[in-house]
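Asks: Sharing a structure with you now.
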Amino acid sequence: MSNPWRVFILSLLLCIPSAYADVIAEDDFESGRFKSVWGALTSVTLAELPSYTKREGHAMRFFFQGGNSTADSFSEARFDLGREYMQLTIEFDLYVPTNYNHRRPGDNTNNNKFFRLWTKTYDDIEKVGASMLTEGGGSTIGSDYRLEPSYGQSTAVKNESGFITEEDKGRWMAVRIDVKAPTDKSLGSIRIYKNGRLHLNDDRVKNHLPGSQGYRYGYLLGWANSGFSEDTIMFIDNVRFLDRVAARPLPPIPR
Ligand SMILES: [Ca+2]
């Protein structure tokens with residue numbers, strides 16, 4: 001092919017809108033330090049992956065301290081995306097340890113945070129997220145947001161079982177979170193994919209504040225109301241924040 005043609009075709013390719021999402025930030029934790037997207041970290045360290053995870057390299061290590069039957073536990077990684085996004089995808093690999101046991105504690109309160117997203121402050125009434133509830137030692141997953149502006153945050157508004165099962169313990173799980181903020185014209189949505197398949201789809205997230213407010217701040221994992229009987233260590237690796245949400249959800253797993 002002659003040179004002018006090559007230049008012409010290359011220019012054409014560059015003009016085609018990319019089918020891929022824009023990466024806002026990503027971290028595989030191999031640089032030896034946390035990338036700048038991360039903020040406050042509670043009981044989270046950058047650690048070498050132990051051989052029992054069957055992977056090499058480095059990842060975020062979330063340490064949930066074990067305690068008595070009513071003790072809570074807390075391990076959380078906050079982030080700041082630098083500006084608000086109306087549509088956001090968060091992808092990461094989650095290692096669930098073999099001793100993971102989402103117990104029903106003495107006080108019966110067992111909702112554990114999975115993620116949160118907000119616009120400006122943690123008190124934002126349009127803050128969204130997901131929590132896990134106990135299910136026979138494993139976990140369900142449910143969407144979290146306010147049903148009415150005057151209400152508190154509801155947890156597990158829509159709830160799907162089988163998010164963390166016996167089969168998932170001692171394994172890596174590919175997690176993808178798609179969120180779309182509500183606007184004056186459309187409801188928002190929270191979709192959670194497990195190993196490439198849609199697991200939770202809540203497209204009823206209400207617009208409480210007039211206009212469009214996106215998501216800038218958030219955290220992964222967080223407060224575990226269930227607490228854990230034993231020290232429980234989860235790993236998160238290969239985190240990507242993307243400026244896009246799938247136009248249509250992928251089909252769910254047939255049950
Ligand atoms: Ca890594």
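Chain labels run A, B, ... following the order of the structure tokens; each chain numbers its residues from 1, and ligands are numbered from 1 in the order shown.
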List the spatial neighbours of range 79-95 of chain A as a ChimeraX atom specification - criterion: any atom at most 6 Å away, only C-alpha atoms, same-chain residues fewer than 3 positions off excluded.

Replies: /A:37-39,171-181,214-219,234-245

Asks: Could you pull out the residues sitting within 10 Å of ligand 1, using only C-alpha atoms and all ligand atoms, and write them as number ranges by chain?

Replies: A: 27-32, 46-49, 55-60, 93, 235-239

Asks: Which one is closest to Ala71 in chain A: A:Gly129, A:Gly211, A:Gly106, A:Gly222? Count only C-alpha atoms.

Replies: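 For Ala71 in chain A, the nearest of the given residues is A:Gly106.
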
Asks: Report, in Å with one decimal, the straight-line distance from CA of Arg61 in chain A to CA of Ser43 in chain A.

Replies: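 If I compute the distance from CA of Arg61 in chain A to CA of Ser43 in chain A, I get 8.1 Å.
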
Asks: Neighbours of Pro149 in chain A within 7 Å (only C-alpha atoms; same-chain residues fewer than 2 positions away dropped), as a list in words?

Replies: Ile125, Arg146, Leu147, Tyr151 and His208 of chain A

Asks: Within 12 Å of Pro210 in chain A, counting only C-alpha atoms, which residues show up once you throw out same-chain ones fewer than 4 positions away? Write them as a PDB file with C-alpha atoms, in the first residue's frame, please.

Replies:
ATOM      1  CA  ILE A 125     -28.971  12.132  49.408  1.00  0.00           C
ATOM      2  CA  GLU A 126     -28.232  10.612  46.005  1.00  0.00           C
ATOM      3  CA  PRO A 149     -35.345  12.155  50.084  1.00  0.00           C
ATOM      4  CA  PRO A 182     -30.538   9.543  37.677  1.00  0.00           C
ATOM      5  CA  THR A 183     -31.539  12.739  35.878  1.00  0.00           C
ATOM      6  CA  ASP A 184     -34.747  14.796  35.613  1.00  0.00           C
ATOM      7  CA  LYS A 185     -35.717  12.604  32.649  1.00  0.00           C
ATOM      8  CA  SER A 186     -34.507   9.128  33.590  1.00  0.00           C
ATOM      9  CA  LYS A 206     -34.638   7.816  41.916  1.00  0.00           C
TER      10      LYS A 206
END

Asks: Residues of range 7-230 of chain A classed as alpha helix (DSSP H) by DSSP on the backbone are to be reported as a list in words.

Replies: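 DSSP-assigned alpha helix (DSSP H) residues in range 7-230 of chain A: Val7, Phe8, Ile9, Leu10, Ser11, Leu12, Leu13, Leu14 and Cys15 of chain A.
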
Asks: Looking at A:Asp144, A:Glu26, A:Asp203, A:Asp72, which one is nearest to Trp223 in chain A, with distances taken over only C-alpha atoms?

Replies: A:Asp72

Asks: From the options A:Gly152, A:Gly136, A:Lys194, A:Thr119, which residue's atoms come nearest to Leu209 in chain A, counting only C-alpha atoms?

Replies: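 The shortest atom-to-atom distance to Leu209 in chain A comes from A:Thr119.
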
Asks: Would you work out the distance separating CA of Thr155 in chain A from CA of Tyr122 in chain A, expressed in Å to one decimal?

Replies: 15.4 Å

Asks: Suppose you want the space between CA of Gly170 in chain A and CA of Ile233 in chain A; what is it in Å?

Replies: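 Pair CA of Gly170 in chain A / CA of Ile233 in chain A returns 11.0 Å.
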
Asks: Any idea what's packed within 6 Å of Thr140 in chain A, counting only C-alpha atoms, ignoring anything in its chain fewer than 3 positions away? Could you give it as a list in words?

Replies: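 Counting only C-alpha atoms, the residues come to Met132, Leu133, Glu160, Ser161, Gly162 and Phe163 of chain A.
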
Asks: For Leu41 in chain A, please output as a PDB file with N, CA and C atoms, in the first residue's frame all residues within 9 Å (counting only C-alpha atoms; exclusion window: fewer than 4 positions along the same chain).

Replies:
ATOM      1  N   THR A  45      -3.717  -2.492  52.872  1.00  0.00           N
ATOM      2  CA  THR A  45      -2.311  -2.309  52.549  1.00  0.00           C
ATOM      3  C   THR A  45      -2.047  -2.837  51.141  1.00  0.00           C
ATOM      4  N   SER A  75     -12.831  -2.498  56.927  1.00  0.00           N
ATOM      5  CA  SER A  75     -11.689  -2.365  56.031  1.00  0.00           C
ATOM      6  C   SER A  75     -12.196  -1.741  54.736  1.00  0.00           C
ATOM      7  N   GLU A  76     -11.605  -0.623  54.338  1.00  0.00           N
ATOM      8  CA  GLU A  76     -12.219   0.197  53.282  1.00  0.00           C
ATOM      9  C   GLU A  76     -11.162   0.942  52.488  1.00  0.00           C
ATOM     10  N   ALA A  77     -11.360   1.038  51.168  1.00  0.00           N
ATOM     11  CA  ALA A  77     -10.465   1.810  50.297  1.00  0.00           C
ATOM     12  C   ALA A  77     -11.259   2.912  49.601  1.00  0.00           C
ATOM     13  N   ARG A  78     -10.959   4.146  49.964  1.00  0.00           N
ATOM     14  CA  ARG A  78     -11.664   5.291  49.340  1.00  0.00           C
ATOM     15  C   ARG A  78     -10.932   5.751  48.091  1.00  0.00           C
ATOM     16  N   PHE A  79     -11.701   6.348  47.176  1.00  0.00           N
ATOM     17  CA  PHE A  79     -11.102   6.879  45.947  1.00  0.00           C
ATOM     18  C   PHE A  79     -11.768   8.197  45.562  1.00  0.00           C
TER      19      PHE A  79
END
